[in-house]
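Participant: This is the structure I have questions about; it appears just below.
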Amino acid sequence: GTVYNGSGKVFVHAEGDSGNLDQLEHDLVYDAPPLARPELASSEGADLAAHDGFSIIASEASAEAEIHVPPDLFTCDDCLEELTGPEERRFAYPFINCTQCGPRYTLITAMPYDRPNTSMAGFPLCDDCRAEYENPADRRFHAQPLACPDCGPQLQFVPNVSASLARDKKIREQGSLLQAIDALEAGHILAVKGVGGYHLVCDATSETAVTRLRERKRRPHKPLAVMFPLEGEDGLGVAREYLDLDETTAGALADPSRPIVLVRICKSGPCSRPKDSRARLALTAIAPGLRELGAFLPYSPLHHELLSRLGRPVVATSGNISGEPVITDNAEAERRLSRVADAFLHHNRPIVRPADDPVVRPMLGRVRPIRLGRGIAPLEVELPGEMAQTVLATGGHMKDTVALAWKDRVVVSPHIGDLDSPRSNDVFIQVINDLQALYDVKTDIIACDLHPGYASSRWAEKQGLPLVRVQHHAAHASALAGEHPEIENWLIFTWDGVGYGSDGTLWGGEALAGAPGHWTRAASFRPFNLVGGDKAGREPWRSAAAMLWAEDRNVTASLARDLELARQAWKNGINTFESSAVGRIFDAAAALVLGRTCLLYTSPSPRDH
């Protein structure tokens, strides 16, 4: 028989006895490669064509193609076996891949997905790789990122000129990978270039190293993610020494997208005592005061090599300036991360666009996404109906993500970041342009947030296209309703941070009734006057003070000068905004309960106090 591609579908003509044909139908779906998700659209009888073999024929180009942009894929078991086999020609090669694994979204420059349209175009295949690439029976047949040590990307270890390890002769005389491992063992911080950008990496068992990373990155309290080496049949042997894994969390960690999973930390019992004298995690420095840890497994061959040789977990946090997209360029990493990293482990395969690690939380036996990223996005979702026009949704201002919808499809981008910096806005525009170019669609209408000050809304206004302004909390409600299209009418509580309301005030504690496109504000938290504008989101004492002043209570704090200025502004209505945001109410409660900034208050009545 024959097989060919046409309009985004695969057409097979097969001839044989009925038993073999039935087996073929079954195996195409149930014995497909691990990352394939084939569906048998139809099966019907055909006239015999007397084929005496099976061949791949030229793709059909007459019909409109249904384009799918693949996400970046984790290292498959076959490649891992080669990576660790001393007799293999790709032994310890940190860029090994095949058709079932390796980078995709982060190296594609244009569609169709062929090698000349990727950042691998500058690496001509050697004879051995060319033979694999052209052999339909080889698992590397048309694997576009294909490479080997003779023709592919290479590592480069670059010490920071101001760091002490630049003068360490023992480290300088080894290969790049061994230099990096020795630097980690010595307690240094590395900026490591991965699939979608750089990680800042250090030994997760060294409190000194983790504390130094926090100080340099100016991240005093937020938890840090930890990457665990693979060990055991399911790869989770090391992770189980530190984490309390149930079936759901174990499945999430081992998922092909290799997300960061929020997992409960073991406090007692066998899993809190690492075997083989492995050091304990520096938990007080990694996740201070928390019961959960952001954990993930290595997903690239470079990560596998680093962790298997190091033999212990590492902190691996985004290599970026806080809130910005992860850094992807070698020179930019050295320039912008020089105050944090002692050394850089670069490679020379260009990253076309950033993709940060995805984050998920297991809840009630299900895994819920917190942040879309590498391995999951671009996320393609089938819509319940056809779109009349192509719609681009530009997202909010913080933790921005964009989406593109046409026909019966919507594609959601990876997490971009906060749109507070020039680089974040550059990546925001790049992702929008790339999605339209890769999927070969052109936007007809833009949906943006109602807030006129959001960078995403300001960009949308300048495009000269029809604009739909969506109230922030209505968008949250619609997202939830979109997961359950079978439900027609809703009452949804959208308890959130501040969002611009349709009445010009700042919402955030809403009960919305209705359905997407037809929401009614049924109820709301009692608003209060929030002082300091956007500062209130970063300085919780402002929300607490404002709520106490509204109750005629006297407030004192260690920030005496700031408090008095805020009180005068609140009293006179200067930079003060009415808000019903539950996020700010939670901030106020936390500031009082936890004693942040030593906020104290007295009331007119001792009984009330």
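Chain labels run A, B, ... following the order of the structure tokens; each chain numbers its residues from 1, and ligands are numbered from 1 in the order shown.
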At a cut-off of 10 Å, using only C-alpha atoms, what residues contact Ala46 of chain A? Leave out same-chain residues fewer than 3 positions from it and give the result as a ChimeraX atom specification.

Facilitator: /A:13-15,43,49

Participant: Would you mind exporting the chosen residues as a PDB file, in the first residue's frame, restricted to N, CA and C atoms?

Facilitator:
```
ATOM      1  N   HIS A  13      -3.503   3.753   2.227  1.00  0.00           N
ATOM      2  CA  HIS A  13      -4.158   2.733   1.397  1.00  0.00           C
ATOM      3  C   HIS A  13      -3.416   1.435   1.658  1.00  0.00           C
ATOM      4  N   ALA A  14      -4.108   0.460   2.252  1.00  0.00           N
ATOM      5  CA  ALA A  14      -3.453  -0.799   2.615  1.00  0.00           C
ATOM      6  C   ALA A  14      -4.214  -1.972   2.019  1.00  0.00           C
ATOM      7  N   GLU A  15      -3.472  -2.970   1.541  1.00  0.00           N
ATOM      8  CA  GLU A  15      -4.065  -4.176   0.967  1.00  0.00           C
ATOM      9  C   GLU A  15      -3.538  -5.390   1.705  1.00  0.00           C
ATOM     10  N   SER A  43     -12.591   4.634   8.056  1.00  0.00           N
ATOM     11  CA  SER A  43     -12.022   3.430   7.451  1.00  0.00           C
ATOM     12  C   SER A  43     -13.080   2.832   6.514  1.00  0.00           C
ATOM     13  N   ALA A  49      -5.251  -2.230  -5.829  1.00  0.00           N
ATOM     14  CA  ALA A  49      -4.334  -1.597  -6.790  1.00  0.00           C
ATOM     15  C   ALA A  49      -3.129  -2.475  -7.055  1.00  0.00           C
TER      16      ALA A  49
END
```

Participant: Find the spatial neighbours of segment 343-352 of chain A, counting only C-alpha atoms, within a cut-off of 6 Å - ignore same-chain residues fewer than 3 positions away - and output them as a PyMOL selection string.

Facilitator: chain A and resi 106-107+119+153-160+190-193+328

Participant: What is the distance between atom CA of Lys399 of chain A and atom CA of Ile327 of chain A, in Å to one decimal?

Facilitator: 15.9 Å

Participant: So what do you get for atom CA of Asp17 of chain A versus atom CA of Asn135 of chain A, distance-wise?

Facilitator: 27.9 Å

Participant: Go through segment 186-295 of chain A and collect every residue that DSSP, computed from the backbone, puts in strand (DSSP E or B); the answer should be as number ranges by chain.

Facilitator: A: 190-193, 198-203, 226-227, 243, 260-265, 292-295

Participant: Using N, CA, C and O atoms, can you write the selected residues to a file as an mmCIF file, in the first residue's frame?

Facilitator:
```cif
data_model
loop_
_atom_site.group_PDB
_atom_site.id
_atom_site.type_symbol
_atom_site.label_atom_id
_atom_site.label_comp_id
_atom_site.auth_asym_id
_atom_site.auth_seq_id
_atom_site.Cartn_x
_atom_site.Cartn_y
_atom_site.Cartn_z
ATOM 1 N N LEU A 190 25.643 28.640 38.520
ATOM 2 C CA LEU A 190 25.831 28.616 37.071
ATOM 3 C C LEU A 190 24.584 29.129 36.356
ATOM 4 O O LEU A 190 23.461 28.904 36.804
ATOM 5 N N ALA A 191 24.793 29.813 35.243
ATOM 6 C CA ALA A 191 23.714 30.112 34.305
ATOM 7 C C ALA A 191 23.836 29.094 33.179
ATOM 8 O O ALA A 191 24.827 29.095 32.438
ATOM 9 N N VAL A 192 22.865 28.195 33.078
ATOM 10 C CA VAL A 192 22.928 27.064 32.146
ATOM 11 C C VAL A 192 21.889 27.265 31.045
ATOM 12 O O VAL A 192 20.688 27.396 31.323
ATOM 13 N N LYS A 193 22.327 27.278 29.802
ATOM 14 C CA LYS A 193 21.424 27.433 28.664
ATOM 15 C C LYS A 193 20.759 26.095 28.349
ATOM 16 O O LYS A 193 21.423 25.100 28.089
ATOM 17 N N TYR A 198 17.734 30.175 29.746
ATOM 18 C CA TYR A 198 18.720 29.879 30.791
ATOM 19 C C TYR A 198 18.048 29.556 32.125
ATOM 20 O O TYR A 198 16.989 30.098 32.455
ATOM 21 N N HIS A 199 18.691 28.650 32.865
ATOM 22 C CA HIS A 199 18.393 28.430 34.275
ATOM 23 C C HIS A 199 19.551 28.962 35.112
ATOM 24 O O HIS A 199 20.714 28.882 34.679
ATOM 25 N N LEU A 200 19.244 29.456 36.292
ATOM 26 C CA LEU A 200 20.267 29.699 37.307
ATOM 27 C C LEU A 200 20.280 28.473 38.201
ATOM 28 O O LEU A 200 19.255 28.100 38.787
ATOM 29 N N VAL A 201 21.447 27.820 38.284
ATOM 30 C CA VAL A 201 21.550 26.495 38.887
ATOM 31 C C VAL A 201 22.573 26.502 40.011
ATOM 32 O O VAL A 201 23.657 27.085 39.874
ATOM 33 N N CYS A 202 22.234 25.830 41.127
ATOM 34 C CA CYS A 202 23.203 25.608 42.207
ATOM 35 C C CYS A 202 22.832 24.327 42.945
ATOM 36 O O CYS A 202 21.753 23.760 42.737
ATOM 37 N N ASP A 203 23.715 23.867 43.794
ATOM 38 C CA ASP A 203 23.523 22.648 44.582
ATOM 39 C C ASP A 203 22.372 22.860 45.557
ATOM 40 O O ASP A 203 22.429 23.730 46.436
ATOM 41 N N VAL A 226 13.265 22.855 42.264
ATOM 42 C CA VAL A 226 14.352 21.887 42.413
ATOM 43 C C VAL A 226 14.204 20.799 41.352
ATOM 44 O O VAL A 226 13.125 20.236 41.176
ATOM 45 N N MET A 227 15.304 20.514 40.648
ATOM 46 C CA MET A 227 15.330 19.449 39.653
ATOM 47 C C MET A 227 16.031 18.232 40.255
ATOM 48 O O MET A 227 17.129 18.353 40.813
ATOM 49 N N LEU A 243 10.270 13.810 48.803
ATOM 50 C CA LEU A 243 8.918 14.293 48.559
ATOM 51 C C LEU A 243 7.881 13.219 48.848
ATOM 52 O O LEU A 243 8.145 12.019 48.716
ATOM 53 N N ILE A 260 7.133 21.692 36.233
ATOM 54 C CA ILE A 260 7.391 21.887 37.660
ATOM 55 C C ILE A 260 6.086 21.551 38.376
ATOM 56 O O ILE A 260 5.039 22.105 38.069
ATOM 57 N N VAL A 261 6.148 20.624 39.328
ATOM 58 C CA VAL A 261 4.958 20.146 40.037
ATOM 59 C C VAL A 261 5.050 20.588 41.495
ATOM 60 O O VAL A 261 6.086 20.395 42.141
ATOM 61 N N LEU A 262 3.989 21.171 42.011
ATOM 62 C CA LEU A 262 3.960 21.560 43.417
ATOM 63 C C LEU A 262 3.626 20.322 44.245
ATOM 64 O O LEU A 262 2.521 19.785 44.156
ATOM 65 N N VAL A 263 4.603 19.872 45.037
ATOM 66 C CA VAL A 263 4.522 18.591 45.740
ATOM 67 C C VAL A 263 4.770 18.815 47.225
ATOM 68 O O VAL A 263 5.606 19.647 47.608
ATOM 69 N N ARG A 264 4.074 18.045 48.064
ATOM 70 C CA ARG A 264 4.262 18.157 49.506
ATOM 71 C C ARG A 264 5.638 17.617 49.904
ATOM 72 O O ARG A 264 6.070 16.558 49.442
ATOM 73 N N ILE A 265 6.309 18.347 50.766
ATOM 74 C CA ILE A 265 7.633 17.959 51.258
ATOM 75 C C ILE A 265 7.485 16.948 52.383
ATOM 76 O O ILE A 265 6.614 17.076 53.242
ATOM 77 N N GLU A 292 5.217 22.836 50.618
ATOM 78 C CA GLU A 292 5.315 22.323 49.253
ATOM 79 C C GLU A 292 6.618 22.757 48.598
ATOM 80 O O GLU A 292 7.219 23.759 48.984
ATOM 81 N N LEU A 293 6.989 21.989 47.591
ATOM 82 C CA LEU A 293 8.198 22.276 46.824
ATOM 83 C C LEU A 293 7.854 22.194 45.342
ATOM 84 O O LEU A 293 7.102 21.311 44.919
ATOM 85 N N GLY A 294 8.395 23.102 44.550
ATOM 86 C CA GLY A 294 8.278 22.999 43.106
ATOM 87 C C GLY A 294 9.350 22.043 42.607
ATOM 88 O O GLY A 294 10.536 22.364 42.630
ATOM 89 N N ALA A 295 8.946 20.857 42.182
ATOM 90 C CA ALA A 295 9.890 19.799 41.795
ATOM 91 C C ALA A 295 9.700 19.430 40.337
ATOM 92 O O ALA A 295 8.576 19.440 39.823
#
```

Participant: Show me, as a PyMOL selection string, the residues that have an atom within 9 Å of Ile57 of chain A when counting only C-alpha atoms, minus same-chain residues fewer than 5 positions from it.

Facilitator: chain A and resi 2-5

Participant: Generate a file of the selected residues that holds N, CA and C atoms, formatted as an mmCIF file, in the first residue's frame.

Facilitator:
```
data_model
loop_
_atom_site.group_PDB
_atom_site.id
_atom_site.type_symbol
_atom_site.label_atom_id
_atom_site.label_comp_id
_atom_site.auth_asym_id
_atom_site.auth_seq_id
_atom_site.Cartn_x
_atom_site.Cartn_y
_atom_site.Cartn_z
ATOM 1 N N THR A 2 0.177 2.378 0.349
ATOM 2 C CA THR A 2 0.849 3.676 0.326
ATOM 3 C C THR A 2 0.376 4.518 1.515
ATOM 4 N N VAL A 3 1.152 5.576 1.815
ATOM 5 C CA VAL A 3 0.773 6.532 2.841
ATOM 6 C C VAL A 3 1.255 7.909 2.397
ATOM 7 N N TYR A 4 0.437 8.944 2.665
ATOM 8 C CA TYR A 4 0.863 10.307 2.351
ATOM 9 C C TYR A 4 0.126 11.295 3.263
ATOM 10 N N ASN A 5 0.691 12.511 3.359
ATOM 11 C CA ASN A 5 0.077 13.601 4.120
ATOM 12 C C ASN A 5 -0.804 14.423 3.203
#
```

Participant: With distances taken over only C-alpha atoms, which residue among A:Ala279, A:Ala581, A:Ala50, A:Cys129 lies nearest Gly16 of chain A?

Facilitator: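 Among the listed residues, the smallest separation from Gly16 of chain A belongs to A:Ala50.
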
Participant: Between A:Leu307, A:Ala588, A:Cys76, A:Ala355, which residue has the minimum interatomic distance to Ala254 of chain A, considering only C-alpha atoms?

Facilitator: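 Nearest candidate to Ala254 of chain A out of A:Leu307, A:Ala588, A:Cys76, A:Ala355: A:Cys76.
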
Participant: Write out as a PyMOL selection string all residues of segment 228-348 of chain A that backbone DSSP assigns to alpha helix (DSSP H).

Facilitator: chain A and resi 237-242+247-253+283-286+301-310+330-336

Participant: Can you list, as a PyMOL selection string, every protein, DNA or RNA residue that comes within 9 Å of Val427 of chain A when you count only C-alpha atoms, leaving out same-chain residues fewer than 3 positions away?

Facilitator: chain A and resi 325+353-354+416+422-424+430-432
